[in-house]
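Dumped my_file20.json below, it's JSON, C-alpha atoms:
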[["chain", "number", "residue", "atom", "x", "y", "z"],
["A", 1, "MET", "CA", 0.00, 0.00, 0.00],
["A", 2, "PHE", "CA", 1.11, 3.50, -0.83],
["A", 3, "SER", "CA", 0.46, 6.64, 1.17],
["A", 4, "THR", "CA", 0.52, 9.14, -1.69],
["A", 5, "MET", "CA", -0.32, 9.25, -5.37],
["A", 6, "GLU", "CA", 3.25, 10.28, -6.14],
["A", 7, "ASP", "CA", 4.66, 7.22, -4.31],
["A", 8, "LEU", "CA", 2.30, 5.03, -6.32],
["A", 9, "ARG", "CA", 3.24, 6.74, -9.58],
["A", 10, "GLN", "CA", 6.97, 6.38, -8.95],
["A", 11, "GLU", "CA", 6.59, 2.65, -8.30],
["A", 12, "CYS", "CA", 4.32, 2.17, -11.31],
["A", 13, "LEU", "CA", 6.88, 3.81, -13.60],
["A", 14, "LYS", "CA", 9.20, 0.88, -12.84],
["A", 15, "CYS", "CA", 6.59, -1.82, -13.52],
["A", 16, "GLN", "CA", 7.62, -4.92, -15.45],
["A", 17, "LYS", "CA", 4.78, -7.25, -14.44],
["A", 18, "CYS", "CA", 3.80, -8.12, -18.01],
["A", 19, "PRO", "CA", 5.47, -8.21, -21.44],
["A", 20, "LEU", "CA", 3.99, -4.83, -22.44],
["A", 21, "HIS", "CA", 6.83, -3.09, -20.61],
["A", 22, "GLU", "CA", 9.22, -4.35, -23.29],
["A", 23, "THR", "CA", 7.57, -2.32, -26.07],
["A", 24, "ARG", "CA", 6.39, 0.81, -24.25],
["A", 25, "THR", "CA", 7.91, 4.24, -24.73],
["A", 26, "ASN", "CA", 6.35, 5.61, -21.54],
["A", 27, "VAL", "CA", 4.29, 4.33, -18.66],
["A", 28, "VAL", "CA", 1.02, 6.25, -18.88],
["A", 29, "PHE", "CA", 0.11, 6.53, -15.22],
["A", 30, "GLY", "CA", -2.52, 9.25, -15.32],
["A", 31, "VAL", "CA", -3.03, 12.98, -15.21],
["A", 32, "GLY", "CA", -5.06, 15.45, -13.24],
["A", 33, "LYS", "CA", -5.86, 16.52, -9.73],
["A", 34, "PRO", "CA", -4.66, 13.75, -7.37],
["A", 35, "ASP", "CA", -7.49, 14.30, -4.89],
["A", 36, "ALA", "CA", -10.24, 14.78, -7.47],
["A", 37, "LYS", "CA", -13.69, 13.45, -6.67],
["A", 38, "ILE", "CA", -14.24, 12.38, -10.29],
["A", 39, "LEU", "CA", -12.07, 9.75, -11.97],
["A", 40, "PHE", "CA", -12.22, 8.87, -15.67],
["A", 41, "ILE", "CA", -10.84, 5.45, -16.63],
["A", 42, "GLY", "CA", -10.13, 4.34, -20.18],
["A", 43, "GLU", "CA", -8.85, 1.01, -21.45],
["A", 44, "ALA", "CA", -5.20, 1.48, -22.44],
["A", 45, "PRO", "CA", -2.80, 4.02, -23.92],
["A", 46, "GLY", "CA", -2.69, 4.38, -27.68],
["A", 47, "GLU", "CA", 0.28, 5.45, -29.78],
["A", 48, "ASN", "CA", 0.04, 9.17, -28.94],
["A", 49, "GLU", "CA", -0.43, 8.41, -25.24],
["A", 50, "ASP", "CA", 2.59, 6.10, -25.24],
["A", 51, "LEU", "CA", 4.72, 8.79, -26.89],
["A", 52, "GLN", "CA", 3.57, 11.61, -24.61],
["A", 53, "GLY", "CA", 3.08, 9.67, -21.37],
["A", 54, "GLU", "CA", -0.42, 11.08, -20.82],
["A", 55, "PRO", "CA", -3.85, 9.46, -21.30],
["A", 56, "PHE", "CA", -6.32, 10.63, -23.93],
["A", 57, "VAL", "CA", -4.20, 12.86, -26.13],
["A", 58, "GLY", "CA", -4.48, 13.19, -29.91],
["A", 59, "ARG", "CA", -7.81, 13.48, -31.73],
["A", 60, "GLY", "CA", -9.74, 11.39, -29.21],
["A", 61, "GLY", "CA", -8.30, 13.34, -26.31],
["A", 62, "LYS", "CA", -9.27, 16.64, -27.91],
["A", 63, "LEU", "CA", -12.83, 15.37, -28.29],
["A", 64, "LEU", "CA", -12.91, 14.20, -24.66],
["A", 65, "ASP", "CA", -11.62, 17.62, -23.57],
["A", 66, "LEU", "CA", -14.50, 19.27, -25.47],
["A", 67, "TYR", "CA", -17.05, 17.16, -23.61],
["A", 68, "LEU", "CA", -15.31, 17.82, -20.29],
["A", 69, "GLY", "CA", -15.13, 21.55, -20.91],
["A", 70, "GLY", "CA", -18.79, 21.62, -21.84],
["A", 71, "ILE", "CA", -19.71, 20.67, -18.27],
["A", 72, "GLY", "CA", -16.99, 22.64, -16.49],
["A", 73, "LEU", "CA", -14.45, 19.85, -16.06],
["A", 74, "ASP", "CA", -10.75, 20.05, -16.87],
["A", 75, "ARG", "CA", -8.13, 17.30, -16.81],
["A", 76, "LYS", "CA", -5.59, 19.56, -15.10],
["A", 77, "GLU", "CA", -7.86, 21.23, -12.56],
["A", 78, "ASN", "CA", -10.71, 19.14, -11.18],
["A", 79, "ILE", "CA", -10.68, 15.52, -12.40],
["A", 80, "TYR", "CA", -8.22, 12.67, -12.79],
["A", 81, "ILE", "CA", -7.84, 10.53, -15.91],
["A", 82, "ALA", "CA", -6.20, 7.10, -16.00],
["A", 83, "ASN", "CA", -6.41, 3.82, -17.92],
["A", 84, "MET", "CA", -6.90, 0.16, -17.04],
["A", 85, "LEU", "CA", -3.47, -0.56, -18.54],
["A", 86, "LYS", "CA", -0.47, 1.67, -18.03],
["A", 87, "CYS", "CA", 1.37, 0.47, -21.15],
["A", 88, "ARG", "CA", 0.28, 0.45, -24.78],
["A", 89, "PRO", "CA", -0.76, -2.87, -26.30],
["A", 90, "PRO", "CA", 0.91, -3.44, -29.70],
["A", 91, "LYS", "CA", -0.93, -1.85, -32.62],
["A", 92, "ASN", "CA", -3.53, -0.47, -30.17],
["A", 93, "ARG", "CA", -5.20, -3.88, -29.87],
["A", 94, "ASP", "CA", -7.67, -4.50, -27.06],
["A", 95, "PRO", "CA", -6.04, -5.31, -23.72],
["A", 96, "LYS", "CA", -5.87, -9.01, -22.95],
["A", 97, "PRO", "CA", -7.60, -10.18, -19.75],
["A", 98, "GLU", "CA", -4.29, -11.35, -18.27],
["A", 99, "GLU", "CA", -2.73, -7.92, -18.94],
["A", 100, "MET", "CA", -5.62, -6.24, -17.15],
["A", 101, "ASP", "CA", -5.24, -8.72, -14.28],
["A", 102, "MET", "CA", -1.56, -7.83, -13.92],
["A", 103, "CYS", "CA", -2.22, -4.08, -14.10],
["A", 104, "ILE", "CA", -5.44, -3.81, -12.04],
["A", 105, "ASP", "CA", -3.64, -3.40, -8.71],
["A", 106, "TRP", "CA", -2.22, -0.06, -9.86],
["A", 107, "LEU", "CA", -5.76, 1.14, -10.54],
["A", 108, "ARG", "CA", -7.14, -0.29, -7.30],
["A", 109, "GLU", "CA", -4.46, 1.48, -5.33],
["A", 110, "LEU", "CA", -5.09, 4.73, -7.22],
["A", 111, "VAL", "CA", -8.79, 4.51, -6.35],
["A", 112, "ARG", "CA", -7.96, 3.71, -2.71],
["A", 113, "ILE", "CA", -5.74, 6.79, -2.43],
["A", 114, "MET", "CA", -8.10, 9.12, -4.33],
["A", 115, "ARG", "CA", -11.43, 7.92, -2.95],
["A", 116, "PRO", "CA", -13.41, 9.35, -5.88],
["A", 117, "GLN", "CA", -17.15, 9.76, -5.53],
["A", 118, "ILE", "CA", -17.75, 9.14, -9.24],
["A", 119, "ILE", "CA", -15.88, 6.93, -11.70],
["A", 120, "VAL", "CA", -16.62, 7.31, -15.40],
["A", 121, "CYS", "CA", -15.61, 4.30, -17.48],
["A", 122, "VAL", "CA", -14.65, 5.53, -20.93],
["A", 123, "GLY", "CA", -15.45, 2.77, -23.40],
["A", 124, "ARG", "CA", -16.65, -0.81, -23.37],
["A", 125, "ILE", "CA", -13.53, -2.51, -22.03],
["A", 126, "ALA", "CA", -13.23, -0.36, -18.90],
["A", 127, "ALA", "CA", -16.98, -0.57, -18.23],
["A", 128, "GLN", "CA", -17.06, -4.36, -18.64],
["A", 129, "ARG", "CA", -14.13, -4.78, -16.27],
["A", 130, "LEU", "CA", -15.24, -2.28, -13.63],
["A", 131, "ILE", "CA", -19.05, -2.16, -13.81],
["A", 132, "SER", "CA", -20.25, -5.49, -15.24],
["A", 133, "PRO", "CA", -19.02, -8.07, -17.76],
["A", 134, "ASP", "CA", -22.45, -7.71, -19.42],
["A", 135, "PHE", "CA", -22.12, -3.93, -19.89],
["A", 136, "ARG", "CA", -23.05, -2.80, -23.41],
["A", 137, "VAL", "CA", -22.13, 0.79, -24.16],
["A", 138, "THR", "CA", -24.91, 1.33, -26.71],
["A", 139, "LYS", "CA", -27.51, 0.08, -24.21],
["A", 140, "ASP", "CA", -26.10, 0.91, -20.76],
["A", 141, "HIS", "CA", -24.29, 4.22, -21.26],
["A", 142, "GLY", "CA", -25.23, 7.09, -18.97],
["A", 143, "ILE", "CA", -26.63, 4.85, -16.22],
["A", 144, "PHE", "CA", -25.14, 5.24, -12.73],
["A", 145, "TYR", "CA", -24.31, 2.11, -10.74],
["A", 146, "ASN", "CA", -23.38, 2.06, -7.06],
["A", 147, "LYS", "CA", -20.33, -0.16, -6.61],
["A", 148, "ASN", "CA", -19.11, -0.33, -3.02],
["A", 149, "GLY", "CA", -20.20, 3.22, -2.29],
["A", 150, "THR", "CA", -18.77, 4.74, -5.48],
["A", 151, "LEU", "CA", -21.03, 5.80, -8.32],
["A", 152, "MET", "CA", -19.91, 4.45, -11.68],
["A", 153, "MET", "CA", -21.09, 5.27, -15.17],
["A", 154, "GLY", "CA", -19.99, 4.02, -18.57],
["A", 155, "THR", "CA", -19.87, 6.14, -21.69],
["A", 156, "PHE", "CA", -18.52, 6.03, -25.22],
["A", 157, "HIS", "CA", -14.81, 6.04, -25.97],
["A", 158, "PRO", "CA", -13.82, 9.14, -27.99],
["A", 159, "ALA", "CA", -12.18, 6.92, -30.63],
["A", 160, "ALA", "CA", -15.55, 5.21, -31.16],
["A", 161, "LEU", "CA", -17.20, 8.62, -31.57],
["A", 162, "LEU", "CA", -14.64, 9.58, -34.20],
["A", 163, "ARG", "CA", -15.48, 6.37, -36.09],
["A", 164, "ASP", "CA", -19.25, 6.82, -35.65],
["A", 165, "PRO", "CA", -20.17, 10.49, -35.11],
["A", 166, "ARG", "CA", -23.87, 9.55, -34.81],
["A", 167, "LYS", "CA", -23.16, 8.58, -31.17],
["A", 168, "LYS", "CA", -21.86, 12.05, -30.22],
["A", 169, "GLY", "CA", -25.32, 13.19, -29.09],
["A", 170, "ASP", "CA", -25.68, 10.15, -26.83],
["A", 171, "CYS", "CA", -22.29, 10.90, -25.31],
["A", 172, "LEU", "CA", -23.27, 14.52, -24.72],
["A", 173, "GLU", "CA", -26.36, 13.29, -22.86],
["A", 174, "ASP", "CA", -24.09, 11.14, -20.66],
["A", 175, "PHE", "CA", -21.94, 14.14, -19.80],
["A", 176, "LEU", "CA", -25.03, 16.21, -18.99],
["A", 177, "LYS", "CA", -26.19, 13.39, -16.66],
["A", 178, "LEU", "CA", -22.73, 13.48, -15.08],
["A", 179, "GLN", "CA", -23.05, 17.24, -14.60],
["A", 180, "ASP", "CA", -26.44, 16.74, -12.93],
["A", 181, "LYS", "CA", -25.03, 14.02, -10.65],
["A", 182, "ILE", "CA", -22.12, 16.26, -9.63],
["A", 183, "LYS", "CA", -24.60, 18.98, -8.65],
["A", 184, "GLU", "CA", -26.89, 16.49, -6.91],
["A", 185, "LEU", "CA", -24.00, 15.20, -4.78],
["A", 186, "GLY", "CA", -22.72, 18.71, -4.07],
["A", 187, "ILE", "CA", -19.25, 17.94, -5.45],
["A", 188, "GLU", "CA", -17.28, 21.14, -5.66],
["A", 189, "ILE", "CA", -15.55, 21.57, -8.99]]
Hey, can you dump this file as structure tokens for me?
Amino acid sequence: MFSTMEDLRQECLKCQKCPLHETRTNVVFGVGKPDAKILFIGEAPGENEDLQGEPFVGRGGKLLDLYLGGIGLDRKENIYIANMLKCRPPKNRDPKPEEMDMCIDWLRELVRIMRPQIIVCVGRIAAQRLISPDFRVTKDHGIFYNKNGTLMMGTFHPAALLRDPRKKGDCLEDFLKLQDKIKELGIEI
């Protein structure tokens, strides 16, 4: 167990638990306010994230930032963003279950230190791992689930929205529901 986010990050940067460490450029630990009450979790770093060492950069990250900004959230000021995996899978393939199993303790410890009130799972893979294996983004997005005292919601991955812009309105609705939930809970942004 770690006492601070920085201690956890420093240890994570040295991780060699799975073969992904052999091909990474950077460990993509996370970014944002370490004591934020809202945590966004994606699946794994892509090429841009691996190169820059920060989650959700590039075209998808810019789109996510637009949604965040639309409801008064900012990755540097009042939320935290991380991924299930801290290293990029080759060719941006989906994370393998055994890779997620080896990496999940970093995320569990991050959540323990942060104690977020709301976790937003960005994309199918994160939502299926953290909310329910039966989670279907097209059907279950925007619904809040109480998991051990933390509210969790799944929404669309920005990369999926870039491939299918017809889902952008649904994603906006999810972010508006998130905004309402933040107000309802009295979370100060």
Quick one: contact table of stretch 108-181 of chain A to stretch 26-45 of chain A, 6 Å max, nearest atom pair and distance in Å to one decimal per residue, counting all atoms listed in the file, chain and number order, as a tab-separated table?
residue	atom	partner	partner_atom	distance
A:Met114	CA	A:Asp35	CA	5.2
A:Pro116	CA	A:Lys37	CA	4.2
A:Gln117	CA	A:Lys37	CA	5.2
A:Ile118	CA	A:Ile38	CA	4.9
A:Ile119	CA	A:Leu39	CA	4.7
A:Val120	CA	A:Phe40	CA	4.7
A:Cys121	CA	A:Ile41	CA	5.0
A:Val122	CA	A:Gly42	CA	4.7
A:Ile125	CA	A:Glu43	CA	5.9
A:Ala126	CA	A:Glu43	CA	5.3
Kindly provide, as lines of an AutoDock Vina configuration file, the centre and edge lengths (Å, one decimal) of an axis-aligned box around all atoms of stretch 62-70 of chain A given in the file, with 6 Å on each side.
center_x = -14.0
center_y = 17.9
center_z = -24.3
size_x = 21.5
size_y = 19.4
size_z = 20.0
Selection near A:Asp174, 12 Å with only C-alpha atoms, sequence-local residues under 4 positions removed, as a PyMOL selection string: chain A and resi 67-68+70-71+120-122+137-138+140-144+152-157+167-170+178-181
Residues just named, written with C-alpha atoms as a PDB file, in the frame of the given file:
ATOM      1  CA  TYR A  67     -17.050  17.160 -23.610  1.00  0.00           C
ATOM      2  CA  LEU A  68     -15.310  17.820 -20.290  1.00  0.00           C
ATOM      3  CA  GLY A  70     -18.790  21.620 -21.840  1.00  0.00           C
ATOM      4  CA  ILE A  71     -19.710  20.670 -18.270  1.00  0.00           C
ATOM      5  CA  VAL A 120     -16.620   7.310 -15.400  1.00  0.00           C
ATOM      6  CA  CYS A 121     -15.610   4.300 -17.480  1.00  0.00           C
ATOM      7  CA  VAL A 122     -14.650   5.530 -20.930  1.00  0.00           C
ATOM      8  CA  VAL A 137     -22.130   0.790 -24.160  1.00  0.00           C
ATOM      9  CA  THR A 138     -24.910   1.330 -26.710  1.00  0.00           C
ATOM     10  CA  ASP A 140     -26.100   0.910 -20.760  1.00  0.00           C
ATOM     11  CA  HIS A 141     -24.290   4.220 -21.260  1.00  0.00           C
ATOM     12  CA  GLY A 142     -25.230   7.090 -18.970  1.00  0.00           C
ATOM     13  CA  ILE A 143     -26.630   4.850 -16.220  1.00  0.00           C
ATOM     14  CA  PHE A 144     -25.140   5.240 -12.730  1.00  0.00           C
ATOM     15  CA  MET A 152     -19.910   4.450 -11.680  1.00  0.00           C
ATOM     16  CA  MET A 153     -21.090   5.270 -15.170  1.00  0.00           C
ATOM     17  CA  GLY A 154     -19.990   4.020 -18.570  1.00  0.00           C
ATOM     18  CA  THR A 155     -19.870   6.140 -21.690  1.00  0.00           C
ATOM     19  CA  PHE A 156     -18.520   6.030 -25.220  1.00  0.00           C
ATOM     20  CA  HIS A 157     -14.810   6.040 -25.970  1.00  0.00           C
ATOM     21  CA  LYS A 167     -23.160   8.580 -31.170  1.00  0.00           C
ATOM     22  CA  LYS A 168     -21.860  12.050 -30.220  1.00  0.00           C
ATOM     23  CA  GLY A 169     -25.320  13.190 -29.090  1.00  0.00           C
ATOM     24  CA  ASP A 170     -25.680  10.150 -26.830  1.00  0.00           C
ATOM     25  CA  LEU A 178     -22.730  13.480 -15.080  1.00  0.00           C
ATOM     26  CA  GLN A 179     -23.050  17.240 -14.600  1.00  0.00           C
ATOM     27  CA  ASP A 180     -26.440  16.740 -12.930  1.00  0.00           C
ATOM     28  CA  LYS A 181     -25.030  14.020 -10.650  1.00  0.00           C
TER      29      LYS A 181
END
Give me, as a tab-separated table, the closest atom pair and its distance (Å, one decimal) for every residue of stretch 10-61 of chain A within a cut-off of 10 Å of stretch 86-104 of chain A, counting all atoms listed in the file, rows sorted by chain and rising number.
residue	atom	partner	partner_atom	distance
A:Cys12	CA	A:Lys86	CA	8.3
A:Leu13	CA	A:Lys86	CA	8.8
A:Cys15	CA	A:Lys86	CA	9.1
A:Gln16	CA	A:Met102	CA	9.8
A:Lys17	CA	A:Met102	CA	6.4
A:Cys18	CA	A:Glu99	CA	6.6
A:Pro19	CA	A:Glu99	CA	8.6
A:Leu20	CA	A:Cys87	CA	6.1
A:His21	CA	A:Cys87	CA	6.5
A:Glu22	CA	A:Cys87	CA	9.5
A:Thr23	CA	A:Pro90	CA	7.7
A:Arg24	CA	A:Cys87	CA	5.9
A:Thr25	CA	A:Cys87	CA	8.4
A:Asn26	CA	A:Cys87	CA	7.2
A:Val27	CA	A:Cys87	CA	5.4
A:Val28	CA	A:Lys86	CA	4.9
A:Phe29	CA	A:Lys86	CA	5.6
A:Gly30	CA	A:Lys86	CA	8.3
A:Glu43	CA	A:Pro95	CA	7.3
A:Ala44	CA	A:Arg88	CA	6.0
A:Pro45	CA	A:Arg88	CA	4.8
A:Gly46	CA	A:Asn92	CA	5.5
A:Glu47	CA	A:Asn92	CA	7.1
A:Asn48	CA	A:Arg88	CA	9.7
A:Glu49	CA	A:Arg88	CA	8.0
A:Asp50	CA	A:Arg88	CA	6.1
A:Leu51	CA	A:Arg88	CA	9.7
A:Gly53	CA	A:Cys87	CA	9.4
A:Glu54	CA	A:Lys86	CA	9.8
A:Pro55	CA	A:Lys86	CA	9.1
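Between atom CA of A:Glu11 and atom CA of A:Thr150 lies a distance of 25.6 Å.
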Write out as a list in words the residues lying within 10 Å of A:Ile189, counting all atoms listed in the file and excluding same-chain residues fewer than 2 positions away. Ala36, Lys37, Ile38, Gly72, Leu73, Asp74, Glu77, Asn78, Ile79, Ile182, Lys183, Gly186 and Ile187 of chain A
